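J.: My structure file protein02.csv, CSV, C-alpha atoms, is below:
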```csv
chain,number,residue,atom,x,y,z
N,77,MET,CA,108.8,46.6,-246.5
N,78,ASP,CA,106.7,43.8,-245.1
N,79,VAL,CA,104.5,46.2,-243.2
N,80,GLU,CA,103.6,48.4,-246.1
N,81,LEU,CA,103.1,45.4,-248.4
N,82,LEU,CA,101.0,43.7,-245.8
N,83,SER,CA,98.6,46.6,-245.4
N,84,ARG,CA,98.2,46.9,-249.2
N,85,LEU,CA,97.5,43.1,-249.4
N,86,ARG,CA,94.9,43.5,-246.7
N,87,ASN,CA,93.2,46.3,-248.5
N,88,GLY,CA,92.9,44.0,-251.5
N,89,ASN,CA,95.5,45.7,-253.6
N,90,GLU,CA,95.9,43.6,-256.7
N,91,GLU,CA,99.3,45.0,-257.6
N,92,ALA,CA,100.7,44.1,-254.2
N,93,PHE,CA,99.5,40.5,-254.7
N,94,VAL,CA,101.1,40.4,-258.2
N,95,LYS,CA,104.3,41.5,-256.7
N,96,LEU,CA,104.1,38.9,-254.0
N,97,VAL,CA,103.5,36.2,-256.6
N,98,SER,CA,106.3,37.3,-258.8
N,99,TRP,CA,108.7,37.2,-255.9
N,100,TYR,CA,107.7,33.9,-254.4
N,101,GLN,CA,106.0,31.7,-257.0
N,102,GLN,CA,109.3,30.2,-258.2
N,103,PRO,CA,110.9,29.7,-254.7
N,104,MET,CA,107.7,28.1,-253.5
N,105,LEU,CA,107.4,25.9,-256.5
N,106,ARG,CA,111.0,24.8,-256.1
N,107,LEU,CA,110.5,24.0,-252.4
N,108,ALA,CA,107.2,22.2,-253.1
N,109,ARG,CA,108.9,20.2,-255.9
N,110,SER,CA,111.5,19.0,-253.4
N,111,MET,CA,108.8,17.6,-251.2
N,112,VAL,CA,106.5,15.8,-253.7
N,113,SER,CA,107.2,13.5,-256.6
N,114,SER,CA,105.6,15.3,-259.5
N,115,HIS,CA,105.6,18.8,-260.9
N,116,ALA,CA,101.8,18.7,-261.1
N,117,VAL,CA,101.4,18.0,-257.4
N,118,ALA,CA,103.9,20.7,-256.5
N,119,GLU,CA,101.9,23.2,-258.6
N,120,GLU,CA,98.8,22.2,-256.8
N,121,ALA,CA,100.4,22.7,-253.4
N,122,VAL,CA,101.6,26.2,-254.4
N,123,GLN,CA,98.2,27.1,-255.8
N,124,ASP,CA,96.7,26.0,-252.5
N,125,THR,CA,99.2,28.0,-250.7
N,126,TRP,CA,98.3,31.2,-252.5
N,127,MET,CA,94.6,30.6,-251.6
N,128,GLY,CA,95.7,30.1,-248.0
N,129,VAL,CA,97.7,33.3,-248.1
N,130,VAL,CA,94.9,35.3,-249.5
N,131,ARG,CA,92.4,33.9,-247.1
N,132,GLY,CA,94.7,34.1,-244.1
N,133,ILE,CA,96.3,37.5,-244.6
N,134,ASP,CA,93.9,39.2,-242.2
N,135,ARG,CA,94.8,36.7,-239.5
N,136,PHE,CA,98.5,36.9,-240.1
N,137,GLU,CA,99.9,38.5,-237.0
N,138,GLY,CA,103.3,39.6,-238.3
N,139,ARG,CA,105.2,37.8,-235.6
N,140,SER,CA,107.3,36.1,-238.2
N,141,ALA,CA,108.4,37.4,-241.6
N,142,LEU,CA,105.8,37.2,-244.4
N,143,LYS,CA,108.0,34.8,-246.3
N,144,THR,CA,108.4,32.5,-243.3
N,145,TRP,CA,104.7,32.4,-242.8
N,146,MET,CA,104.0,31.6,-246.4
N,147,PHE,CA,106.6,28.9,-246.6
N,148,ARG,CA,105.1,27.3,-243.5
N,149,ILE,CA,101.7,27.2,-245.2
N,150,LEU,CA,103.4,25.7,-248.2
N,151,VAL,CA,105.3,23.0,-246.3
N,152,ASN,CA,102.0,22.0,-244.6
N,153,ARG,CA,100.2,21.7,-247.9
N,154,ALA,CA,103.0,19.9,-249.7
N,155,ARG,CA,103.5,17.5,-246.8
N,156,SER,CA,99.8,16.5,-246.8
N,157,ALA,CA,100.0,16.1,-250.6
N,158,GLY,CA,103.3,14.2,-250.2
N,159,SER,CA,101.9,11.8,-247.6
N,160,ARG,CA,99.2,10.7,-250.0
N,161,GLU,CA,101.9,9.7,-252.5
N,162,HIS,CA,103.9,7.1,-250.5
N,163,LEU,CA,107.4,8.3,-251.4
N,164,ASN,CA,110.4,6.1,-251.3
N,165,VAL,CA,112.7,7.8,-248.9
N,166,PRO,CA,116.4,7.4,-249.9
N,167,ILE,CA,118.8,6.2,-247.2
N,168,GLU,CA,120.6,9.2,-245.6
N,169,ALA,CA,124.4,9.1,-245.5
N,170,LEU,CA,125.9,9.1,-242.0
N,171,HIS,CA,129.3,10.5,-242.7
N,172,ALA,CA,130.1,14.0,-244.0
N,173,VAL,CA,133.0,12.4,-245.9
N,174,ASP,CA,133.4,8.9,-247.3
N,175,PRO,CA,135.2,7.0,-244.5
N,176,SER,CA,137.6,5.5,-247.1
N,177,ARG,CA,139.1,8.9,-247.6
N,178,PHE,CA,140.8,8.6,-244.1
N,179,ASP,CA,143.6,6.4,-242.9
N,180,GLU,CA,143.4,4.2,-239.8
N,181,GLN,CA,144.3,7.0,-237.5
N,182,GLY,CA,141.5,9.2,-239.0
N,183,HIS,CA,143.8,11.5,-241.0
N,184,TRP,CA,143.2,12.3,-244.6
N,185,ALA,CA,144.7,9.5,-246.7
N,186,ASP,CA,145.3,11.9,-249.7
N,187,PRO,CA,145.7,15.6,-249.8
N,188,VAL,CA,142.4,17.6,-250.0
N,189,ASP,CA,142.2,19.6,-253.3
N,190,ARG,CA,142.1,23.4,-253.2
N,191,TRP,CA,139.4,24.0,-255.8
N,192,THR,CA,140.7,27.4,-256.7
N,193,GLU,CA,143.9,26.0,-258.0
N,194,HIS,CA,141.9,24.9,-261.0
N,195,SER,CA,140.8,28.4,-261.9
N,196,ASP,CA,141.7,32.0,-261.2
N,197,GLU,CA,140.7,32.8,-257.6
N,198,ARG,CA,137.0,32.0,-257.9
N,199,LEU,CA,134.9,29.2,-259.3
N,200,ASP,CA,132.6,30.2,-262.1
N,201,ALA,CA,129.2,29.9,-260.6
N,202,ALA,CA,127.4,29.6,-264.0
N,203,ALA,CA,129.5,26.5,-264.8
N,204,TRP,CA,128.6,24.6,-261.6
N,205,VAL,CA,125.0,25.7,-260.9
N,206,PRO,CA,123.5,23.0,-263.3
N,207,LEU,CA,125.4,20.3,-261.5
N,208,LEU,CA,124.4,21.6,-258.1
N,209,LYS,CA,120.8,21.8,-259.1
N,210,SER,CA,120.7,18.1,-260.1
N,211,ALA,CA,122.7,17.2,-257.0
N,212,LEU,CA,120.1,19.1,-254.9
N,213,ASP,CA,117.4,17.1,-256.6
N,214,ASP,CA,119.1,13.8,-255.6
N,215,LEU,CA,119.4,14.7,-251.9
N,216,PRO,CA,117.1,13.0,-249.4
N,217,PRO,CA,114.0,15.2,-249.1
N,218,ARG,CA,114.5,16.5,-245.6
N,219,GLN,CA,118.1,17.5,-246.4
N,220,ARG,CA,117.0,19.1,-249.6
N,221,GLU,CA,114.4,21.2,-247.9
N,222,VAL,CA,116.8,22.5,-245.3
N,223,VAL,CA,119.5,23.3,-247.9
N,224,ILE,CA,117.1,25.1,-250.2
N,225,LEU,CA,115.7,27.2,-247.4
N,226,ARG,CA,119.1,28.0,-245.9
N,227,ASP,CA,121.5,28.3,-248.9
N,228,VAL,CA,119.2,29.1,-251.8
N,229,GLU,CA,116.5,31.2,-250.2
N,230,GLY,CA,118.8,32.6,-247.5
N,231,LEU,CA,116.5,32.0,-244.5
N,232,SER,CA,118.2,31.9,-241.1
N,233,GLY,CA,118.5,28.8,-239.1
N,234,ASP,CA,115.7,29.9,-236.7
N,235,GLU,CA,113.4,30.7,-239.7
N,236,THR,CA,114.1,27.4,-241.3
N,237,CYS,CA,113.2,25.5,-238.0
N,238,GLU,CA,109.9,27.5,-237.9
N,239,VAL,CA,109.0,26.8,-241.5
N,240,LEU,CA,109.7,23.0,-241.3
N,241,GLY,CA,108.7,22.6,-237.7
N,242,ILE,CA,112.0,20.9,-236.7
N,243,SER,CA,114.4,21.4,-233.8
N,244,LYS,CA,117.6,23.4,-234.1
N,245,GLY,CA,119.8,20.3,-233.7
N,246,ASN,CA,117.9,18.5,-236.3
N,247,GLN,CA,118.1,21.4,-238.7
N,248,ARG,CA,121.9,21.6,-238.3
N,249,ILE,CA,122.3,17.8,-238.9
N,250,LEU,CA,120.2,17.9,-242.1
N,251,LEU,CA,122.1,21.0,-243.3
N,252,HIS,CA,125.4,19.4,-242.5
N,253,ARG,CA,124.6,16.2,-244.4
N,254,GLY,CA,123.1,18.1,-247.3
N,255,ARG,CA,126.0,20.5,-247.7
N,256,SER,CA,128.5,17.7,-247.3
N,257,ARG,CA,127.0,15.7,-250.1
N,258,LEU,CA,126.9,18.7,-252.4
N,259,ARG,CA,130.6,19.3,-251.7
N,260,GLU,CA,131.4,15.7,-252.4
N,261,ILE,CA,129.7,15.9,-255.8
N,262,LEU,CA,131.4,19.2,-256.7
N,263,ASP,CA,134.7,17.8,-255.6
N,264,ALA,CA,134.4,14.8,-257.8
N,265,GLU,CA,133.6,16.9,-260.9
N,266,ILE,CA,136.2,19.6,-260.3
N,267,GLU,CA,138.9,16.9,-259.9
N,268,ARG,CA,137.8,15.5,-263.3
N,269,SER,CA,137.7,18.9,-265.1
P,280,MET,CA,127.1,15.2,-234.0
P,281,LEU,CA,130.3,13.9,-232.4
P,282,SER,CA,131.1,14.0,-228.7
P,283,LEU,CA,134.8,14.8,-228.3
P,284,ARG,CA,136.6,13.3,-225.5
P,285,ARG,CA,140.2,13.1,-226.7
P,286,LYS,CA,142.2,16.2,-226.5
P,287,ASP,CA,143.2,16.5,-230.1
P,288,LEU,CA,140.9,16.2,-233.0
P,289,VAL,CA,141.6,14.0,-236.0
P,290,CYS,CA,140.5,14.9,-239.4
P,291,ARG,CA,137.7,12.4,-239.5
P,292,GLN,CA,136.1,14.1,-236.4
P,293,ALA,CA,136.9,17.6,-237.6
P,294,VAL,CA,134.9,17.3,-240.8
P,295,GLU,CA,131.8,16.5,-238.8
P,296,LEU,CA,132.1,19.7,-236.9
P,297,VAL,CA,132.3,22.1,-239.9
P,298,THR,CA,128.6,23.0,-240.0
P,299,ALA,CA,128.3,23.5,-236.3
P,300,TYR,CA,131.4,25.7,-236.5
P,301,LEU,CA,130.0,27.8,-239.3
P,302,GLU,CA,126.7,28.1,-237.4
P,303,ASP,CA,128.6,29.2,-234.3
P,304,ALA,CA,127.0,26.3,-232.4
P,305,LEU,CA,130.2,24.7,-230.9
P,306,SER,CA,131.0,25.0,-227.2
P,307,ARG,CA,133.9,27.3,-226.6
P,308,ARG,CA,136.1,24.3,-225.8
P,309,ASP,CA,135.2,22.5,-229.0
P,310,ARG,CA,135.6,25.6,-231.0
P,311,ARG,CA,139.2,26.1,-229.7
P,312,ARG,CA,140.0,22.5,-230.5
P,313,PHE,CA,138.6,22.8,-234.0
P,314,GLU,CA,140.4,26.0,-234.7
P,315,SER,CA,143.7,24.7,-233.4
P,316,HIS,CA,143.3,21.6,-235.6
P,317,LEU,CA,142.7,23.8,-238.6
P,318,ARG,CA,145.8,25.8,-238.0
P,319,GLU,CA,147.9,22.6,-238.2
P,320,CYS,CA,146.0,20.8,-240.9
P,321,PRO,CA,146.1,22.1,-244.4
P,322,ASN,CA,143.8,19.4,-245.6
P,323,CYS,CA,141.0,20.3,-243.2
P,324,SER,CA,141.5,24.0,-244.0
P,325,ALA,CA,141.1,23.1,-247.7
P,326,TYR,CA,138.0,21.1,-246.7
P,327,LEU,CA,136.5,24.0,-244.9
P,328,GLU,CA,137.2,26.2,-247.8
P,329,GLN,CA,135.4,23.7,-250.1
P,330,ILE,CA,132.3,23.8,-247.9
P,331,LYS,CA,132.3,27.6,-247.9
P,332,MET,CA,132.5,27.6,-251.7
P,333,THR,CA,129.7,25.0,-251.9
P,334,ILE,CA,127.5,27.3,-249.9
P,335,GLU,CA,128.4,30.2,-252.1
P,336,LEU,CA,127.7,28.3,-255.3
P,337,THR,CA,124.4,27.0,-253.9
P,338,GLY,CA,123.4,30.6,-253.2
P,339,ALA,CA,124.0,31.3,-256.9
P,340,ILE,CA,121.0,29.1,-257.9
P,341,GLU,CA,118.4,31.6,-258.9
P,342,PRO,CA,114.7,31.2,-259.5
P,343,GLU,CA,113.8,31.4,-263.1
P,344,GLY,CA,111.4,34.2,-263.9
P,345,LEU,CA,107.7,33.5,-263.5
P,346,GLY,CA,106.1,32.4,-266.7
P,347,PRO,CA,103.3,34.7,-268.0
P,348,GLU,CA,100.7,31.9,-267.9
P,349,ALA,CA,101.2,31.1,-264.2
P,350,ARG,CA,100.9,34.8,-263.5
P,351,VAL,CA,97.6,35.2,-265.3
P,352,ASP,CA,96.2,32.1,-263.6
P,353,LEU,CA,97.0,33.4,-260.2
P,354,ILE,CA,95.6,36.9,-260.8
P,355,ASP,CA,92.4,35.2,-262.0
P,356,LEU,CA,92.4,33.2,-258.8
P,357,TYR,CA,92.9,36.3,-256.7
P,358,ARG,CA,90.1,38.3,-258.5
P,359,ARG,CA,87.7,35.4,-258.0
P,360,TRP,CA,88.5,35.2,-254.4
P,361,ARG,CA,88.2,38.9,-253.8
P,362,GLY,CA,84.9,38.9,-255.7
P,363,GLU,CA,83.4,36.1,-253.5
```
Would you encode the structure as structure tokens?
T.:
Amino acid sequence: MDVELLSRLRNGNEEAFVKLVSWYQQPMLRLARSMVSSHAVAEEAVQDTWMGVVRGIDRFEGRSALKTWMFRILVNRARSAGSREHLNVPIEALHAVDPSRFDEQGHWADPVDRWTEHSDERLDAAAWVPLLKSALDDLPPRQREVVILRDVEGLSGDETCEVLGISKGNQRILLHRGRSRLREILDAEIERS
Amino acid sequence: MLSLRRKDLVCRQAVELVTAYLEDALSRRDRRRFESHLRECPNCSAYLEQIKMTIELTGAIEPEGLGPEARVDLIDLYRRWRGE
């Protein structure tokens, strides 16, 4: 799919560009929004990225997926925009689970809830997505970037490392902390419901 | 993450290995220890299940459709660039 689309893009096919925009505008905006402090700055970074894509498409060598290449351009633009903003970086949690949940021997102090006991078999995604979206917004930026790329956009670990320019170990730790935090927030709400 | 010296995992250690386990990034030895802990610990099994559901639910977040204005802006941009 990439190959055909790519050759149409290179030939200046407007329809191909429109298709690309309709696929990736929102994912890019969401990723950019996770890296900078305002919607306006995020939009600017995405706009810049489209210019970078259009200008660079002839030089794109196809060694990575088109999406990976575009996301990498975006991360670079958003980072340089973000570094001008002097963000306050939240402190990252060190534990996957709040240490007070364990007893002195390191075993669970109270039973872990099986979420599906509260509903029939599956959780209703529509009911929890709004909570997850806001939880995602509250993650430290680097965790949020990794979780968005892996679990929302569905990139592989290797692709995520390439897009963000981080090591495999680092990617895994950020993913681990991000997912752990989302689980914690869901768990608290599901228990309450 | 954690370096594991003692033979048996306790829950506090096991939860730190969940992502590496799902990523298939544990050594064979650590993987065996993690899996044998899971077999004996219903709480950590439930925890792993919660993490899997979290991943599944996060995957259900979908991009909203592209607004018509943003699309028109971008097409404009593209035409201007191609016309340069």
J.: Taking all atoms listed in the file into account, name the residue in P:Pro321, P:Arg307, P:Thr337, P:Thr298 that is nearest to Leu262 in chain N.
T.: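 Among the listed residues, P:Thr337 lies closest to Leu262 in chain N.
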J.: Just checking: using only C-alpha atoms, which residue out of P:Leu317, P:Arg358, P:Ala293, P:Asn322 ends up closest to chain N?
T.: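 Using only C-alpha atoms, chain N sits closest to P:Asn322.
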J.: Tell me as a PyMOL selection string which residues belonging to chain N come within 8 Å of chain P, counting all atoms listed in the file.
T.: chain N and resi 88+90+94+97-98+101-103+123+127+130+171-173+175+178+181-184+187-191+201+204-205+208-209+227-230+248-249+251-252+255-256+258-259+262
J.: In Å to one decimal, how far is CA of Lys244 in chain N from CA of Ala141 in chain N?
T.: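 Answer for the CA of Ala141 in chain N to CA of Lys244 in chain N separation: 18.4 Å.
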J.: Report, in Å with one decimal, the straight-line distance from CA of Pro216 in chain N to CA of Glu260 in chain N.
T.: 14.9 Å
J.: Rounded to one decimal place, report the CA of Glu193 in chain N-CA of Val223 in chain N distance in Å.
T.: 26.5 Å
